[in-house]
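Note sheet for the following structure.
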Amino acid sequence: MSEELPLVDSNITKQTFLQHFPLDEKVYSLDGDELNFLRQQTGIGDEELLKRHILKVQAEAYAVYPYPCIQRFRFLHFKLPKLPGYDRLLKLGQERPDAILLDLGCCFGNDVRCAAADGFPAKHIIASDLHAEYWDLGHKLFRSTNESFPATFIAGDVFDPAHLAIIPPFYSRPEAPIPDLPTLTSLNPLRGHVTAIHTSLFFHLFGEQQQQHVARALAGLLSPEPGSMIMGLHAAHSEKGLKHLSFGQDDEATFSLFGHSPESWTELWNGEVFKKGTVKVDAQLQERDSDGGAPGSKVMFLIWCVTRL
Ligand SMILES: C[S@@+](CC[C@H](N)C(=O)[O-])C[C@H]1O[C@@H](n2cnc3c(N)ncnc32)[C@H](O)[C@@H]1O
């Protein structure tokens with residue numbers, strides 16, 4: 001298994017996360033579409049009861065691993081539905097009978113649950129994460145079962161070749177047939193068959209070489225059909241490199257975060273990962289609230305989509 005959170009300096013440990021990100025009801029926020037979605041999915045109409053339900057599941061998830069995004073309730077907030085390629089993705093789900101959507105680093109899976117509610121066939125959705133517990137907690141959070149939300153979950157480490165090995169991208173249809181999704185135990189049999197891959201708040205967990213590794217590994221899964229896409233958002237920089245950012249509720253520690261710029265991210269996908277000219281890369285920076293810094297502090301996020309031409 002890879003070591004988790006290699007982005008943080010080695011002196012920052014799980015213990016340090018717990019110290020700097022104590023669970024705190026005050027950072028709870030849920031409104032608009034996300035509140036309505038949670039109400040609809042859970043059947044809990046009362047806002048206070050819903051909040052108690054969420055806090056209970058959050059505490060269980062935090063005990064699995066104390067990700068700042070769990071402490072900051074990011075698992076309730078939509079990422080995929082707000083990405084520019086989302087409508088195209090839903091269309092692919094409707095138009096391609098064999099369309100498959102993969103969410104990598106899915107955590108509770110709120111984004112793919114929204115895609116399913118918006119019409120992407122749930123049986124054609126694969127979600128994957130290092131921690132299977134998060135997926136189970138997703139069922140608890142959304143009060144669902146494998147029957148009511150029949151997406152396939154596959155636990156695994158993205159750096160484990162037995163789960164996801166690096167192979168060159170496909171430029172013609174793979175010979176191997178599409179596997180029976182519910183029987184999958186790793187991502188490898190999906191090579192060349194995945195129509196759309198979503199991965200948010202994920203790449204920034206890793207350094208430069210690991211980001212390149214993940215990009216190559218995902219490229220080998222993507223279908224060669226024009227329009228197939230890989231998309232997501234994560235913290236990045238206006239210039240490629242390592243940056244020291246303050247860390248924790250009180251900004252008292254620092255950590256270094258490797259980030260691509262929109263230009264270097266585009267070059268990575270169009271030329272290094274895929275043959276130049278075979279994909280279109282949209283990548284733009286947006287300033288957003290930081291999950292890692294003190295409340296109110298901002299970081300740049302890369303919002304991106306790689307589409308097969
Ligand atoms: C910061 S969370 C983001 C979750 C979700 N995508 C979101 O946007 O809310 C990162 C997720 O990546 C998972 N993860 C971390 N390292 C991983 C690895 N090596 N392989 C697979 N998943 C990993 C974590 O368990 C966690 O659920």
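By convention in this document, the chains of the structure tokens carry letters A, B, ... by their order, each chain's residues are numbered from 1, and ligands are numbered from 1 in the order they are shown.
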
Quick one: contact table of chain A to ligand 1, 7 Å max, nearest atom pair and distance in Å to one decimal per residue, counting only C-alpha atoms and all ligand atoms, chain and number order, as a Markdown table?
| residue | atom | partner | partner_atom_place_in_ligand_line | distance |
| --- | --- | --- | --- | --- |
| A:Ser2 | CA | ligand 1 | 19 (N) | 5.8 |
| A:Glu4 | CA | ligand 1 | 16 (N) | 5.5 |
| A:Leu5 | CA | ligand 1 | 16 (N) | 6.7 |
| A:Tyr67 | CA | ligand 1 | 1 (C) | 6.1 |
| A:Cys69 | CA | ligand 1 | 1 (C) | 5.4 |
| A:Arg74 | CA | ligand 1 | 9 (O) | 5.4 |
| A:Phe75 | CA | ligand 1 | 9 (O) | 4.4 |
| A:Lys79 | CA | ligand 1 | 8 (O) | 6.2 |
| A:Leu104 | CA | ligand 1 | 22 (N) | 6.6 |
| A:Gly105 | CA | ligand 1 | 12 (O) | 3.7 |
| A:Cys106 | CA | ligand 1 | 6 (N) | 4.4 |
| A:Cys107 | CA | ligand 1 | 27 (O) | 3.6 |
| A:Ser128 | CA | ligand 1 | 21 (C) | 6.7 |
| A:Asp129 | CA | ligand 1 | 22 (N) | 4.0 |
| A:Leu130 | CA | ligand 1 | 22 (N) | 4.0 |
| A:His131 | CA | ligand 1 | 25 (O) | 5.0 |
| A:Tyr134 | CA | ligand 1 | 27 (O) | 6.7 |
| A:Gly156 | CA | ligand 1 | 21 (C) | 5.8 |
| A:Asp157 | CA | ligand 1 | 20 (N) | 3.6 |
| A:Val158 | CA | ligand 1 | 20 (N) | 4.0 |
| A:Phe159 | CA | ligand 1 | 19 (N) | 5.8 |
| A:Thr199 | CA | ligand 1 | 6 (N) | 5.8 |
| A:Ser200 | CA | ligand 1 | 8 (O) | 4.4 |
| A:Leu201 | CA | ligand 1 | 3 (C) | 4.6 |
| A:Phe202 | CA | ligand 1 | 10 (C) | 5.1 |

| task | Mind the document's chain letters and residue numbers, and return as a ChimeraX atom specification the residues of segment 256-304 of chain A that DSSP labels alpha helix (DSSP H). | result | /A:262-269

Keeping only all heavy atoms, write the selected residues as a PDB file, in the first residue's frame.
ATOM      1  N   PRO A 262      -2.099  25.409 -15.166  1.00  0.00           N
ATOM      2  CA  PRO A 262      -2.967  24.965 -16.270  1.00  0.00           C
ATOM      3  C   PRO A 262      -2.143  24.550 -17.494  1.00  0.00           C
ATOM      4  O   PRO A 262      -2.471  23.566 -18.173  1.00  0.00           O
ATOM      5  CB  PRO A 262      -3.820  26.198 -16.574  1.00  0.00           C
ATOM      6  CG  PRO A 262      -3.833  26.976 -15.305  1.00  0.00           C
ATOM      7  CD  PRO A 262      -2.506  26.729 -14.639  1.00  0.00           C
ATOM      8  N   GLU A 263      -1.033  25.272 -17.735  1.00  0.00           N
ATOM      9  CA  GLU A 263      -0.215  24.973 -18.920  1.00  0.00           C
ATOM     10  C   GLU A 263       0.499  23.629 -18.772  1.00  0.00           C
ATOM     11  O   GLU A 263       0.484  22.800 -19.682  1.00  0.00           O
ATOM     12  CB  GLU A 263       0.840  26.072 -19.157  1.00  0.00           C
ATOM     13  CG  GLU A 263       0.273  27.445 -19.509  1.00  0.00           C
ATOM     14  CD  GLU A 263      -0.360  28.173 -18.309  1.00  0.00           C
ATOM     15  OE1 GLU A 263       0.046  27.892 -17.153  1.00  0.00           O
ATOM     16  OE2 GLU A 263      -1.270  29.001 -18.535  1.00  0.00           O
ATOM     17  N   SER A 264       1.122  23.409 -17.597  1.00  0.00           N
ATOM     18  CA  SER A 264       1.878  22.151 -17.442  1.00  0.00           C
ATOM     19  C   SER A 264       0.921  20.958 -17.334  1.00  0.00           C
ATOM     20  O   SER A 264       1.233  19.852 -17.776  1.00  0.00           O
ATOM     21  CB  SER A 264       2.827  22.218 -16.238  1.00  0.00           C
ATOM     22  OG  SER A 264       2.110  22.284 -15.033  1.00  0.00           O
ATOM     23  N   TRP A 265      -0.287  21.209 -16.779  1.00  0.00           N
ATOM     24  CA  TRP A 265      -1.302  20.138 -16.703  1.00  0.00           C
ATOM     25  C   TRP A 265      -1.735  19.739 -18.121  1.00  0.00           C
ATOM     26  O   TRP A 265      -1.884  18.560 -18.451  1.00  0.00           O
ATOM     27  CB  TRP A 265      -2.489  20.637 -15.881  1.00  0.00           C
ATOM     28  CG  TRP A 265      -3.504  19.596 -15.502  1.00  0.00           C
ATOM     29  CD1 TRP A 265      -4.805  19.542 -15.912  1.00  0.00           C
ATOM     30  CD2 TRP A 265      -3.321  18.490 -14.612  1.00  0.00           C
ATOM     31  NE1 TRP A 265      -5.439  18.470 -15.325  1.00  0.00           N
ATOM     32  CE2 TRP A 265      -4.552  17.806 -14.528  1.00  0.00           C
ATOM     33  CE3 TRP A 265      -2.229  17.995 -13.892  1.00  0.00           C
ATOM     34  CZ2 TRP A 265      -4.732  16.654 -13.753  1.00  0.00           C
ATOM     35  CZ3 TRP A 265      -2.406  16.854 -13.116  1.00  0.00           C
ATOM     36  CH2 TRP A 265      -3.638  16.206 -13.053  1.00  0.00           C
ATOM     37  N   THR A 266      -1.887  20.741 -18.972  1.00  0.00           N
ATOM     38  CA  THR A 266      -2.284  20.493 -20.365  1.00  0.00           C
ATOM     39  C   THR A 266      -1.188  19.712 -21.089  1.00  0.00           C
ATOM     40  O   THR A 266      -1.462  18.733 -21.802  1.00  0.00           O
ATOM     41  CB  THR A 266      -2.548  21.845 -21.075  1.00  0.00           C
ATOM     42  OG1 THR A 266      -3.566  22.529 -20.344  1.00  0.00           O
ATOM     43  CG2 THR A 266      -2.996  21.651 -22.518  1.00  0.00           C
ATOM     44  N   GLU A 267       0.067  20.125 -20.867  1.00  0.00           N
ATOM     45  CA  GLU A 267       1.195  19.421 -21.526  1.00  0.00           C
ATOM     46  C   GLU A 267       1.314  17.984 -21.032  1.00  0.00           C
ATOM     47  O   GLU A 267       1.662  17.084 -21.802  1.00  0.00           O
ATOM     48  CB  GLU A 267       2.510  20.155 -21.247  1.00  0.00           C
ATOM     49  CG  GLU A 267       2.681  21.377 -22.122  1.00  0.00           C
ATOM     50  CD  GLU A 267       3.726  22.339 -21.571  1.00  0.00           C
ATOM     51  OE1 GLU A 267       4.543  21.913 -20.721  1.00  0.00           O
ATOM     52  OE2 GLU A 267       3.714  23.509 -21.984  1.00  0.00           O
ATOM     53  N   LEU A 268       1.038  17.781 -19.750  1.00  0.00           N
ATOM     54  CA  LEU A 268       1.128  16.421 -19.197  1.00  0.00           C
ATOM     55  C   LEU A 268       0.173  15.484 -19.944  1.00  0.00           C
ATOM     56  O   LEU A 268       0.563  14.400 -20.387  1.00  0.00           O
ATOM     57  CB  LEU A 268       0.783  16.449 -17.695  1.00  0.00           C
ATOM     58  CG  LEU A 268       0.624  15.086 -17.015  1.00  0.00           C
ATOM     59  CD1 LEU A 268       1.952  14.347 -16.924  1.00  0.00           C
ATOM     60  CD2 LEU A 268       0.025  15.230 -15.611  1.00  0.00           C
ATOM     61  N   TRP A 269      -1.081  15.911 -20.092  1.00  0.00           N
ATOM     62  CA  TRP A 269      -2.088  15.031 -20.705  1.00  0.00           C
ATOM     63  C   TRP A 269      -1.946  14.964 -22.218  1.00  0.00           C
ATOM     64  O   TRP A 269      -2.087  13.891 -22.810  1.00  0.00           O
ATOM     65  CB  TRP A 269      -3.501  15.507 -20.341  1.00  0.00           C
ATOM     66  CG  TRP A 269      -3.850  15.275 -18.908  1.00  0.00           C
ATOM     67  CD1 TRP A 269      -3.781  16.188 -17.905  1.00  0.00           C
ATOM     68  CD2 TRP A 269      -4.290  14.053 -18.301  1.00  0.00           C
ATOM     69  NE1 TRP A 269      -4.163  15.607 -16.710  1.00  0.00           N
ATOM     70  CE2 TRP A 269      -4.480  14.311 -16.918  1.00  0.00           C
ATOM     71  CE3 TRP A 269      -4.549  12.770 -18.776  1.00  0.00           C
ATOM     72  CZ2 TRP A 269      -4.916  13.325 -16.021  1.00  0.00           C
ATOM     73  CZ3 TRP A 269      -4.986  11.789 -17.875  1.00  0.00           C
ATOM     74  CH2 TRP A 269      -5.159  12.074 -16.529  1.00  0.00           C
TER      75      TRP A 269
END

Within 10 Å of segment 223-233 of chain A, which residues of segment 58-111 of chain A come that close, and what is the closest atom pair and distance in Å for each? Count only C-alpha atoms and give it as a tab-separated table.
residue	atom	partner	partner_atom	distance
A:Lys79	CA	A:Leu233	CA	7.5
A:Leu80	CA	A:Gly232	CA	6.9
A:Lys82	CA	A:Gly232	CA	9.8
A:Leu83	CA	A:Gly232	CA	7.2
A:Pro84	CA	A:Met231	CA	9.1
A:Gly85	CA	A:Met231	CA	7.6
A:Tyr86	CA	A:Met231	CA	9.0
A:Arg88	CA	A:Gly227	CA	8.4
A:Leu89	CA	A:Met229	CA	8.0
A:Leu92	CA	A:Gly227	CA	8.2
A:Ala99	CA	A:Ser228	CA	9.3
A:Ile100	CA	A:Ser223	CA	9.3
A:Leu101	CA	A:Met229	CA	9.6
A:Leu102	CA	A:Ile230	CA	9.2
A:Asp103	CA	A:Gly232	CA	9.6
A:Leu104	CA	A:Gly232	CA	9.9

| said: Taking only C-alpha atoms into account, name the residue in A:His124, A:Val299, A:His163, A:Asp289 that is nearest to His244 of chain A. | reply: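 Nearest to His244 of chain A: A:Val299.
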
| field | Secondary structure check, strand (DSSP E) residues of segment 196-246 of chain A, as a ChimeraX atom specification | value | /A:196-198,229-235,241-246

Go ahead and dump the residues you just picked, all heavy atoms, as a tab-separated table (two decimals), in the first residue's frame.
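See selection_31.tsv below for the written result:
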chain	number	residue	atom	x	y	z
A	196	ALA	N	-16.04	7.69	-18.84
A	196	ALA	CA	-15.77	8.95	-18.14
A	196	ALA	C	-15.18	8.63	-16.77
A	196	ALA	O	-15.65	7.72	-16.08
A	196	ALA	CB	-17.06	9.76	-17.99
A	197	ILE	N	-14.14	9.38	-16.43
A	197	ILE	CA	-13.50	9.20	-15.12
A	197	ILE	C	-13.57	10.53	-14.39
A	197	ILE	O	-13.21	11.57	-14.95
A	197	ILE	CB	-12.02	8.77	-15.28
A	197	ILE	CG1	-11.92	7.46	-16.07
A	197	ILE	CG2	-11.36	8.62	-13.90
A	197	ILE	CD1	-10.50	7.03	-16.41
A	198	HIS	N	-14.05	10.47	-13.15
A	198	HIS	CA	-14.07	11.68	-12.31
A	198	HIS	C	-13.13	11.45	-11.14
A	198	HIS	O	-13.14	10.38	-10.52
A	198	HIS	CB	-15.49	11.95	-11.78
A	198	HIS	CG	-15.50	12.96	-10.68
A	198	HIS	ND1	-15.80	12.66	-9.37
A	198	HIS	CD2	-15.20	14.29	-10.69
A	198	HIS	CE1	-15.71	13.74	-8.62
A	198	HIS	NE2	-15.34	14.74	-9.39
A	229	MET	N	-13.97	10.95	-21.51
A	229	MET	CA	-13.28	12.03	-20.77
A	229	MET	C	-12.85	11.68	-19.36
A	229	MET	O	-13.39	10.78	-18.73
A	229	MET	CB	-14.16	13.27	-20.75
A	229	MET	CG	-15.55	13.04	-20.25
A	229	MET	SD	-16.42	14.56	-20.58
A	229	MET	CE	-18.00	14.17	-20.01
A	230	ILE	N	-11.84	12.44	-18.91
A	230	ILE	CA	-11.34	12.36	-17.54
A	230	ILE	C	-11.44	13.77	-16.98
A	230	ILE	O	-10.98	14.72	-17.62
A	230	ILE	CB	-9.86	11.89	-17.49
A	230	ILE	CG1	-9.66	10.62	-18.34
A	230	ILE	CG2	-9.41	11.65	-16.06
A	230	ILE	CD1	-8.23	10.08	-18.34
A	231	MET	N	-12.03	13.92	-15.80
A	231	MET	CA	-12.26	15.27	-15.30
A	231	MET	C	-12.18	15.34	-13.78
A	231	MET	O	-12.30	14.33	-13.10
A	231	MET	CB	-13.64	15.74	-15.76
A	231	MET	CG	-14.77	14.98	-15.14
A	231	MET	SD	-16.18	14.76	-16.24
A	231	MET	CE	-16.84	16.41	-16.20
A	232	GLY	N	-11.94	16.55	-13.29
A	232	GLY	CA	-11.90	16.70	-11.83
A	232	GLY	C	-11.49	18.09	-11.42
A	232	GLY	O	-11.40	19.02	-12.25
A	233	LEU	N	-11.25	18.24	-10.14
A	233	LEU	CA	-10.68	19.49	-9.62
A	233	LEU	C	-9.81	19.17	-8.42
A	233	LEU	O	-10.06	18.20	-7.70
A	233	LEU	CB	-11.79	20.49	-9.26
A	233	LEU	CG	-12.74	20.20	-8.12
A	233	LEU	CD1	-12.17	20.67	-6.79
A	233	LEU	CD2	-14.05	20.91	-8.36
A	234	HIS	N	-8.76	19.95	-8.26
A	234	HIS	CA	-7.86	19.76	-7.11
A	234	HIS	C	-7.00	21.01	-6.96
A	234	HIS	O	-6.89	21.82	-7.88
A	234	HIS	CB	-7.00	18.51	-7.30
A	234	HIS	CG	-6.16	18.51	-8.53
A	234	HIS	ND1	-6.58	18.01	-9.75
A	234	HIS	CD2	-4.90	18.98	-8.74
A	234	HIS	CE1	-5.63	18.16	-10.63
A	234	HIS	NE2	-4.60	18.75	-10.07
A	235	ALA	N	-6.36	21.12	-5.78
A	235	ALA	CA	-5.53	22.29	-5.52
A	235	ALA	C	-4.31	22.28	-6.45
A	235	ALA	O	-3.74	21.22	-6.73
A	235	ALA	CB	-5.07	22.28	-4.07
A	241	GLY	N	4.92	23.70	-9.51
A	241	GLY	CA	5.99	23.55	-8.51
A	241	GLY	C	5.47	23.27	-7.12
A	241	GLY	O	4.27	23.04	-6.92
A	242	LEU	N	6.41	23.28	-6.19
A	242	LEU	CA	6.08	23.05	-4.78
A	242	LEU	C	5.87	24.40	-4.12
A	242	LEU	O	6.66	25.31	-4.31
A	242	LEU	CB	7.27	22.39	-4.08
A	242	LEU	CG	7.33	20.88	-3.92
A	242	LEU	CD1	8.55	20.52	-3.10
A	242	LEU	CD2	6.08	20.32	-3.25
A	243	LYS	N	4.84	24.49	-3.31
A	243	LYS	CA	4.60	25.74	-2.59
A	243	LYS	C	4.38	25.41	-1.13
A	243	LYS	O	3.74	24.40	-0.82
A	243	LYS	CB	3.34	26.41	-3.14
A	243	LYS	CG	3.58	27.70	-3.85
A	243	LYS	CD	2.24	28.29	-4.19
A	243	LYS	CE	2.37	29.71	-4.66
A	243	LYS	NZ	1.10	30.29	-4.99
A	244	HIS	N	4.87	26.25	-0.24
A	244	HIS	CA	4.62	26.03	1.17
A	244	HIS	C	3.36	26.78	1.56
A	244	HIS	O	3.23	27.97	1.30
A	244	HIS	CB	5.82	26.48	2.00
A	244	HIS	CG	7.02	25.65	1.68
A	244	HIS	ND1	7.19	24.38	2.18
A	244	HIS	CD2	8.07	25.87	0.86
A	244	HIS	CE1	8.29	23.87	1.70
A	244	HIS	NE2	8.85	24.75	0.89
A	245	LEU	N	2.44	26.04	2.15
A	245	LEU	CA	1.16	26.64	2.54
A	245	LEU	C	0.98	26.46	4.04
A	245	LEU	O	1.46	25.49	4.62
A	245	LEU	CB	0.00	25.95	1.81
A	245	LEU	CG	0.04	25.97	0.29
A	245	LEU	CD1	-1.10	25.15	-0.28
A	245	LEU	CD2	-0.05	27.40	-0.23
A	246	SER	N	0.28	27.40	4.64
A	246	SER	CA	0.03	27.24	6.07
A	246	SER	C	-1.07	26.20	6.28
A	246	SER	O	-1.87	25.91	5.39
A	246	SER	CB	-0.35	28.57	6.69
A	246	SER	OG	-1.45	29.09	6.01

| field | Neighbour list for Ala63 of chain A as a PyMOL selection string, cut-off 12 Å, only C-alpha atoms, skip fewer than 2 positions in-chain | value | chain A and resi 14-15+17-18+22-23+56-61+65-67+70-71+131+133-134+137

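Of the residues listed (A:Thr195, A:Thr278, A:Thr152, A:Gln19), A:Thr152 shows the shortest atom-to-atom separation from Asp180 of chain A; distances use only C-alpha atoms.
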
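In this comparison, which uses only C-alpha atoms, the residue of A:Ile126, A:Leu38, A:Cys305, A:Leu30 approaching Phe73 of chain A most closely is A:Leu30.
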
| message | Neighbouring residues of Phe120 of chain A were defined as those with any atom within 7 Å, considering only C-alpha atoms; residues of the same chain fewer than 5 positions away were excluded. Please report them as a list in words. | response |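 Answer for this query is Leu90, Gly93, Gln94 and Ala115 of chain A.
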
| query | Near Glu208 of chain A, within 12 Å and counting only C-alpha atoms, which residues show up once chain neighbours fewer than 4 positions away are dropped, as an NGL selection string? | reply | :A and (6-7 or 203-204 or 212-215 or 236 or 240-242 or 256-261 or 264-265 or 268)

Please dump the current selection as a compact mmCIF listing (two decimals), in the first residue's frame; keep C-alpha atoms.
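Output file again.txt is given in full below:
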# COMPACT_ATOMS: atom_id res chain seq x y z
CA PRO A 6 2.58 12.03 0.71
CA LEU A 7 1.97 15.71 -0.03
CA PHE A 203 -4.34 14.57 -7.37
CA HIS A 204 -3.23 17.16 -4.81
CA GLN A 212 2.09 11.54 -13.39
CA HIS A 213 1.69 7.90 -12.35
CA VAL A 214 -2.03 8.37 -11.61
CA ALA A 215 -2.57 10.24 -14.90
CA ALA A 236 -2.84 23.58 -7.89
CA LYS A 240 4.04 24.48 -11.65
CA GLY A 241 5.99 23.55 -8.51
CA LEU A 242 6.08 23.05 -4.78
CA SER A 256 4.37 21.75 0.87
CA LEU A 257 1.92 21.07 -1.92
CA PHE A 258 2.99 20.17 -5.44
CA GLY A 259 0.73 21.66 -8.04
CA HIS A 260 0.64 21.89 -11.81
CA SER A 261 -0.19 25.10 -13.63
CA SER A 264 1.88 22.15 -17.44
CA TRP A 265 -1.30 20.14 -16.70
CA LEU A 268 1.13 16.42 -19.20

| task | With a distance cut-off of 12 Å and only C-alpha atoms, select the neighbouring residues of Leu184 of chain A, excluding the residue or stretch itself and same-chain residues fewer than 2 positions from it, and output the selection as an NGL selection string. | result | :A and (126-128 or 151-156 or 163 or 178-182 or 186-190)

| query | If you measure from atom CA of Arg52 of chain A to atom CA of Gly32 of chain A, what distance in Å do you get, rounded to one decimal? | reply |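 Interatomic distance here is 18.3 Å.
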
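The residue that comes closest to Arg72 of chain A, out of A:Arg113, A:Lys26, A:Arg173, A:Arg39 and on the basis of only C-alpha atoms, is A:Lys26.
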